[in-house]
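Asker: model-v1.pdb (PDB, C-alpha atoms, pLDDT in the B column) pasted underneath:
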```
ATOM      1  CA  MET N   1       7.587  -8.560  43.873  1.00 54.00           C
ATOM      2  CA  ILE N   2       4.726  -6.502  42.648  1.00 56.00           C
ATOM      3  CA  SER N   3       1.566  -8.539  42.675  1.00 57.00           C
ATOM      4  CA  ASP N   4      -1.156  -5.943  42.777  1.00 57.00           C
ATOM      5  CA  LEU N   5      -0.163  -3.621  39.946  1.00 51.00           C
ATOM      6  CA  GLU N   6      -2.979  -1.550  38.631  1.00 59.00           C
ATOM      7  CA  ILE N   7      -2.734   0.542  35.530  1.00 66.00           C
ATOM      8  CA  LYS N   8      -5.184   3.351  35.404  1.00 68.00           C
ATOM      9  CA  LEU N   9      -5.695   4.902  32.012  1.00 69.00           C
ATOM     10  CA  SER N  10      -7.405   8.158  31.574  1.00 80.00           C
ATOM     11  CA  LYS N  11     -10.284   8.391  29.124  1.00 80.00           C
ATOM     12  CA  THR N  12      -8.121  10.377  26.689  1.00 84.00           C
ATOM     13  CA  THR N  13      -5.325   7.799  26.758  1.00 83.00           C
ATOM     14  CA  ASN N  14      -7.829   5.000  26.167  1.00 83.00           C
ATOM     15  CA  VAL N  15      -9.277   6.794  23.124  1.00 87.00           C
ATOM     16  CA  LEU N  16      -5.788   7.455  21.734  1.00 90.00           C
ATOM     17  CA  LEU N  17      -4.878   3.757  22.090  1.00 90.00           C
ATOM     18  CA  GLN N  18      -8.035   2.743  20.231  1.00 93.00           C
ATOM     19  CA  ILE N  19      -7.297   5.220  17.443  1.00 96.00           C
ATOM     20  CA  ALA N  20      -3.719   3.914  17.198  1.00 96.00           C
ATOM     21  CA  ALA N  21      -5.024   0.344  16.948  1.00 96.00           C
ATOM     22  CA  VAL N  22      -7.425   1.263  14.135  1.00 97.00           C
ATOM     23  CA  VAL N  23      -4.732   3.182  12.232  1.00 97.00           C
ATOM     24  CA  GLY N  24      -2.336   0.251  12.636  1.00 97.00           C
ATOM     25  CA  ALA N  25      -4.947  -2.193  11.310  1.00 97.00           C
ATOM     26  CA  ILE N  26      -5.666   0.036   8.300  1.00 98.00           C
ATOM     27  CA  THR N  27      -1.934   0.319   7.581  1.00 98.00           C
ATOM     28  CA  VAL N  28      -1.515  -3.473   7.662  1.00 97.00           C
ATOM     29  CA  LEU N  29      -4.504  -3.982   5.338  1.00 97.00           C
ATOM     30  CA  ALA N  30      -3.234  -1.354   2.891  1.00 96.00           C
ATOM     31  CA  GLY N  31       0.211  -2.966   2.876  1.00 95.00           C
ATOM     32  CA  GLY N  32      -1.306  -6.379   2.214  1.00 95.00           C
ATOM     33  CA  TYR N  33      -3.402  -5.019  -0.648  1.00 92.00           C
ATOM     34  CA  THR N  34      -0.391  -3.260  -2.167  1.00 89.00           C
ATOM     35  CA  PHE N  35       1.676  -6.455  -1.960  1.00 91.00           C
ATOM     36  CA  TYR N  36      -1.128  -8.450  -3.617  1.00 90.00           C
ATOM     37  CA  ARG N  37      -1.589  -5.865  -6.358  1.00 84.00           C
ATOM     38  CA  ASN N  38       2.136  -5.611  -7.167  1.00 81.00           C
ATOM     39  CA  TYR N  39       3.331  -9.213  -6.778  1.00 86.00           C
ATOM     40  CA  LEU N  40       0.435 -11.683  -6.974  1.00 90.00           C
ATOM     41  CA  TRP N  41      -2.263 -10.114  -9.179  1.00 90.00           C
ATOM     42  CA  LYS N  42      -2.162 -10.395 -12.959  1.00 91.00           C
ATOM     43  CA  PRO N  43      -4.685  -8.524 -15.121  1.00 91.00           C
ATOM     44  CA  LYS N  44      -6.958 -10.419 -17.494  1.00 93.00           C
ATOM     45  CA  VAL N  45      -7.177  -8.596 -20.808  1.00 92.00           C
ATOM     46  CA  GLU N  46      -9.205  -9.782 -23.781  1.00 93.00           C
ATOM     47  CA  VAL N  47      -8.389  -8.519 -27.288  1.00 92.00           C
ATOM     48  CA  LEU N  48     -11.646  -7.825 -29.140  1.00 94.00           C
ATOM     49  CA  GLU N  49     -10.425  -6.089 -32.313  1.00 94.00           C
ATOM     50  CA  VAL N  50      -7.001  -5.147 -33.577  1.00 93.00           C
ATOM     51  CA  ASP N  51      -5.722  -3.202 -36.589  1.00 93.00           C
ATOM     52  CA  PHE N  52      -1.930  -3.393 -36.698  1.00 91.00           C
ATOM     53  CA  ASN N  53      -1.693  -1.141 -39.774  1.00 90.00           C
ATOM     54  CA  ASN N  54      -3.279   1.802 -37.926  1.00 90.00           C
ATOM     55  CA  ALA N  55      -1.996   0.791 -34.477  1.00 89.00           C
ATOM     56  CA  SER N  56      -5.408   0.648 -32.852  1.00 92.00           C
ATOM     57  CA  ALA N  57      -7.095  -2.033 -30.792  1.00 93.00           C
ATOM     58  CA  LYS N  58     -10.215  -2.522 -28.709  1.00 95.00           C
ATOM     59  CA  LEU N  59      -9.652  -4.437 -25.503  1.00 94.00           C
ATOM     60  CA  LYS N  60     -11.721  -5.598 -22.571  1.00 95.00           C
ATOM     61  CA  PHE N  61     -10.212  -5.347 -19.090  1.00 93.00           C
ATOM     62  CA  GLY N  62     -12.634  -6.529 -16.432  1.00 89.00           C
ATOM     63  CA  LYS N  63     -15.836  -4.635 -17.228  1.00 92.00           C
ATOM     64  CA  LYS N  64     -14.014  -1.747 -18.913  1.00 92.00           C
ATOM     65  CA  MET N  65     -13.657  -1.322 -22.655  1.00 93.00           C
ATOM     66  CA  LEU N  66     -10.268   0.135 -23.618  1.00 91.00           C
ATOM     67  CA  GLU N  67      -8.984   1.603 -26.843  1.00 92.00           C
ATOM     68  CA  LEU N  68      -5.255   1.215 -27.314  1.00 92.00           C
ATOM     69  CA  GLU N  69      -3.594   3.433 -29.886  1.00 90.00           C
ATOM     70  CA  GLY N  70      -0.081   4.138 -31.036  1.00 87.00           C
ATOM     71  CA  ASP N  71       3.127   3.805 -29.107  1.00 85.00           C
ATOM     72  CA  ALA N  72       1.859   4.408 -25.559  1.00 86.00           C
ATOM     73  CA  ILE N  73       1.650   2.111 -22.566  1.00 91.00           C
ATOM     74  CA  PHE N  74      -1.830   1.965 -21.050  1.00 90.00           C
ATOM     75  CA  LEU N  75      -1.491   1.308 -17.327  1.00 90.00           C
ATOM     76  CA  LEU N  76      -3.868  -1.314 -15.941  1.00 90.00           C
ATOM     77  CA  GLY N  77      -2.985  -1.190 -12.258  1.00 84.00           C
ATOM     78  CA  GLY N  78      -0.059  -1.907  -9.990  1.00 80.00           C
ATOM     79  CA  ASP N  79       3.002  -2.552 -12.140  1.00 86.00           C
ATOM     80  CA  TRP N  80       0.998  -3.761 -15.148  1.00 91.00           C
ATOM     81  CA  GLY N  81       0.331  -2.169 -18.502  1.00 93.00           C
ATOM     82  CA  ILE N  82      -0.469  -3.000 -22.098  1.00 94.00           C
ATOM     83  CA  LYS N  83       1.038  -1.680 -25.323  1.00 94.00           C
ATOM     84  CA  PHE N  84       1.663  -2.366 -28.979  1.00 93.00           C
ATOM     85  CA  GLY N  85       4.900  -4.140 -29.746  1.00 91.00           C
ATOM     86  CA  SER N  86       6.793  -2.966 -32.776  1.00 89.00           C
ATOM     87  CA  THR N  87       9.563  -3.991 -35.101  1.00 89.00           C
ATOM     88  CA  SER N  88      11.782  -1.535 -36.954  1.00 87.00           C
ATOM     89  CA  LYS N  89      12.280  -2.479 -40.577  1.00 85.00           C
ATOM     90  CA  ASN N  90      13.936  -0.318 -43.239  1.00 88.00           C
ATOM     91  CA  GLY N  91      13.607   2.779 -41.074  1.00 86.00           C
ATOM     92  CA  SER N  92       9.876   2.377 -40.450  1.00 85.00           C
ATOM     93  CA  THR N  93       8.022   1.053 -37.431  1.00 85.00           C
ATOM     94  CA  LEU N  94       5.706  -1.893 -37.906  1.00 89.00           C
ATOM     95  CA  TYR N  95       3.281  -2.735 -35.100  1.00 91.00           C
ATOM     96  CA  ASP N  96       2.903  -6.504 -35.051  1.00 91.00           C
ATOM     97  CA  ARG N  97       1.833  -7.603 -31.560  1.00 93.00           C
ATOM     98  CA  ILE N  98       0.062  -6.563 -28.357  1.00 94.00           C
ATOM     99  CA  GLU N  99       2.137  -6.981 -25.218  1.00 94.00           C
ATOM    100  CA  LEU N 100       1.230  -7.252 -21.554  1.00 94.00           C
ATOM    101  CA  VAL N 101       4.028  -5.454 -19.714  1.00 94.00           C
ATOM    102  CA  ARG N 102       5.105  -5.431 -16.089  1.00 92.00           C
ATOM    103  CA  LYS N 103       7.355  -2.599 -14.905  1.00 89.00           C
ATOM    104  CA  GLY N 104       7.781  -1.608 -18.547  1.00 87.00           C
ATOM    105  CA  MET N 105       9.125  -5.012 -19.630  1.00 93.00           C
ATOM    106  CA  VAL N 106       7.273  -7.566 -21.757  1.00 93.00           C
ATOM    107  CA  TYR N 107       5.590 -10.233 -19.632  1.00 93.00           C
ATOM    108  CA  GLU N 108       3.370 -11.902 -22.228  1.00 92.00           C
ATOM    109  CA  TYR N 109       2.250 -11.516 -25.849  1.00 93.00           C
ATOM    110  CA  LEU N 110      -1.534 -11.290 -26.067  1.00 90.00           C
ATOM    111  CA  LYS N 111      -1.889 -11.191 -29.836  1.00 80.00           C
ATOM    112  CA  LYS N 112       0.584 -11.621 -32.694  1.00 75.00           C
TER     113      LYS N 112
END
```
Now that the file is in, can you turn its structure into structure tokens?
Answerer:
Amino acid sequence: MISDLEIKLSKTTNVLLQIAAVVGAITVLAGGYTFYRNYLWKPKVEVLEVDFNNASAKLKFGKKMLELEGDAIFLLGGDWGIKFGSTSKNGSTLYDRIELVRKGMVYEYLKK
């Protein structure tokens, strides 16, 4: 039985272990933040003005003012975005709602 086992680490090995511990902690924190941002967080968007005929809207996301135009998805962060919803009628596109989307699919209607 070994009772008096001593482990002697050189100064270089000790520094490398400390660096590995810090990198591991940063990796865990980044993974936690990514999980929160993709699965738990939901953006809060406020519709200030909207003109469905011209497909333009002014929105407030946090402290940022956004202008949404046309048929594009404006990414908010993580898997979330916002876009105009449209309906095709007689060969023309009518914008009639603003949609909060997650992974490109409608999650919630913000304004109809």
Asker: Considering all atoms listed in the file, can you say which of N:Lys112, N:Tyr95, N:Gly78, N:Lys11 comes closest to Tyr33 in chain N?
Answerer: N:Gly78
Asker: Calculate, to one decimal in Å, the centre and edge lengths of the box along x, y and z of the file that holds all listed atoms of range 63-75 of chain N with 3 Å of margin on each side, and present them as JSON.
Answerer:
```
{"center_x": -6.4, "center_y": -0.1, "center_z": -24.1, "size_x": 25.0, "size_y": 15.0, "size_z": 19.8}
```
Asker: What does the structure give for the distance between CA of Leu66 in chain N and CA of Thr93 in chain N, in Å to one decimal?
Answerer: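 For CA of Leu66 in chain N relative to CA of Thr93 in chain N, the distance reads 22.9 Å.
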Asker: Please indicate the distance in Å from CA of Asn54 in chain N to CA of Gly91 in chain N, rounded to one decimal place.
Answerer: 17.2 Å
Asker: Which one of N:Lys58, N:Lys83, N:Lys89, N:Lys63 sits closest to Tyr107 in chain N if you count all atoms listed in the file?
Answerer: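 With all atoms listed in the file as the atom set, the closest residue is N:Lys83.
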Asker: Running the PyMOL selection byres ((chain N and resi 43) around 10) on this model by hand, what would come out? Give it as an NGL selection string.
Answerer: :N and (37 or 41-42 or 44-46 or 61-62 or 76-78 or 80-82 or 100)
Asker: The selected residues should be written to file as a CSV table (one decimal), keeping the file's coordinate frame (atoms: C-alpha atoms).
Answerer:
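Result file again08.csv:
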```csv
chain,number,residue,atom,x,y,z
N,37,ARG,CA,-1.6,-5.9,-6.4
N,41,TRP,CA,-2.3,-10.1,-9.2
N,42,LYS,CA,-2.2,-10.4,-13.0
N,44,LYS,CA,-7.0,-10.4,-17.5
N,45,VAL,CA,-7.2,-8.6,-20.8
N,46,GLU,CA,-9.2,-9.8,-23.8
N,61,PHE,CA,-10.2,-5.3,-19.1
N,62,GLY,CA,-12.6,-6.5,-16.4
N,76,LEU,CA,-3.9,-1.3,-15.9
N,77,GLY,CA,-3.0,-1.2,-12.3
N,78,GLY,CA,-0.1,-1.9,-10.0
N,80,TRP,CA,1.0,-3.8,-15.1
N,81,GLY,CA,0.3,-2.2,-18.5
N,82,ILE,CA,-0.5,-3.0,-22.1
N,100,LEU,CA,1.2,-7.3,-21.6
```
Asker: Rank nothing, just name the residue among N:Asp79, N:Ile26, N:Val47, N:Asn90 nearest to Val106 in chain N, using only C-alpha atoms.
Answerer: N:Asp79
Asker: Can you find the residues with an atom no farther than 7 Å from (0.1, -12.2, -28.3), counting only C-alpha atoms, and report them as a list in words?
Answerer: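 Within 7 Å of (0.1, -12.2, -28.3), the protein and nucleic acid residues are Arg97, Ile98, Glu99, Glu108, Tyr109, Leu110, Lys111 and Lys112 of chain N.
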Asker: Kindly give the distance, in Å, that separates CA of Lys103 in chain N and CA of Asn53 in chain N, rounded to a single decimal.
Answerer: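 Going from CA of Lys103 in chain N over to CA of Asn53 in chain N, I get 26.5 Å.
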Asker: I'd like the neighbourhood of Ile73 in chain N as a list in words, where a residue qualifies if any of its atoms comes within 9 Å (using only C-alpha atoms), though same-chain residues fewer than 2 positions away should be ignored.
Answerer: Leu68, Gly70, Asp71, Leu75, Gly81, Ile82, Lys83, Phe84, Val101 and Gly104 of chain N
Asker: Running the PyMOL selection byres ((chain N and resi 86) around 6) on this model by hand, what would come out? Give it as an NGL selection string.
Answerer: :N and (85 or 87 or 94-96)
Asker: Which of these residues is nearest to Leu40 in chain N, using all atoms listed in the file: N:Phe52, N:Leu17, N:Thr27, N:Arg102?
Answerer: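 Of N:Phe52, N:Leu17, N:Thr27, N:Arg102, the one nearest Leu40 in chain N is N:Arg102, counting all atoms listed in the file.
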Asker: Rebuild N, CA and C atoms on range 26-38 of chain N, as a JSON list (two decimals), in the coordinates of the input?
Answerer:
```json
[["chain", "number", "residue", "atom", "x", "y", "z"],
["N", 26, "ILE", "N", -5.49, -0.48, 9.66],
["N", 26, "ILE", "CA", -5.67, 0.04, 8.30],
["N", 26, "ILE", "C", -4.35, 0.01, 7.54],
["N", 27, "THR", "N", -3.25, 0.34, 8.22],
["N", 27, "THR", "CA", -1.93, 0.32, 7.58],
["N", 27, "THR", "C", -1.55, -1.09, 7.15],
["N", 28, "VAL", "N", -1.82, -2.08, 8.00],
["N", 28, "VAL", "CA", -1.52, -3.47, 7.66],
["N", 28, "VAL", "C", -2.36, -3.93, 6.48],
["N", 29, "LEU", "N", -3.64, -3.60, 6.46],
["N", 29, "LEU", "CA", -4.50, -3.98, 5.34],
["N", 29, "LEU", "C", -4.06, -3.32, 4.03],
["N", 30, "ALA", "N", -3.70, -2.05, 4.10],
["N", 30, "ALA", "CA", -3.23, -1.35, 2.89],
["N", 30, "ALA", "C", -1.93, -1.96, 2.38],
["N", 31, "GLY", "N", -1.04, -2.32, 3.28],
["N", 31, "GLY", "CA", 0.21, -2.97, 2.88],
["N", 31, "GLY", "C", -0.03, -4.32, 2.23],
["N", 32, "GLY", "N", -0.96, -5.08, 2.80],
["N", 32, "GLY", "CA", -1.31, -6.38, 2.21],
["N", 32, "GLY", "C", -1.91, -6.24, 0.83],
["N", 33, "TYR", "N", -2.79, -5.25, 0.66],
["N", 33, "TYR", "CA", -3.40, -5.02, -0.65],
["N", 33, "TYR", "C", -2.36, -4.58, -1.67],
["N", 34, "THR", "N", -1.45, -3.71, -1.26],
["N", 34, "THR", "CA", -0.39, -3.26, -2.17],
["N", 34, "THR", "C", 0.51, -4.42, -2.58],
["N", 35, "PHE", "N", 0.86, -5.28, -1.64],
["N", 35, "PHE", "CA", 1.68, -6.46, -1.96],
["N", 35, "PHE", "C", 0.94, -7.35, -2.95],
["N", 36, "TYR", "N", -0.34, -7.61, -2.71],
["N", 36, "TYR", "CA", -1.13, -8.45, -3.62],
["N", 36, "TYR", "C", -1.18, -7.84, -5.01],
["N", 37, "ARG", "N", -1.44, -6.54, -5.07],
["N", 37, "ARG", "CA", -1.59, -5.86, -6.36],
["N", 37, "ARG", "C", -0.28, -5.83, -7.15],
["N", 38, "ASN", "N", 0.86, -5.72, -6.47],
["N", 38, "ASN", "CA", 2.14, -5.61, -7.17],
["N", 38, "ASN", "C", 2.80, -6.96, -7.45]]
```
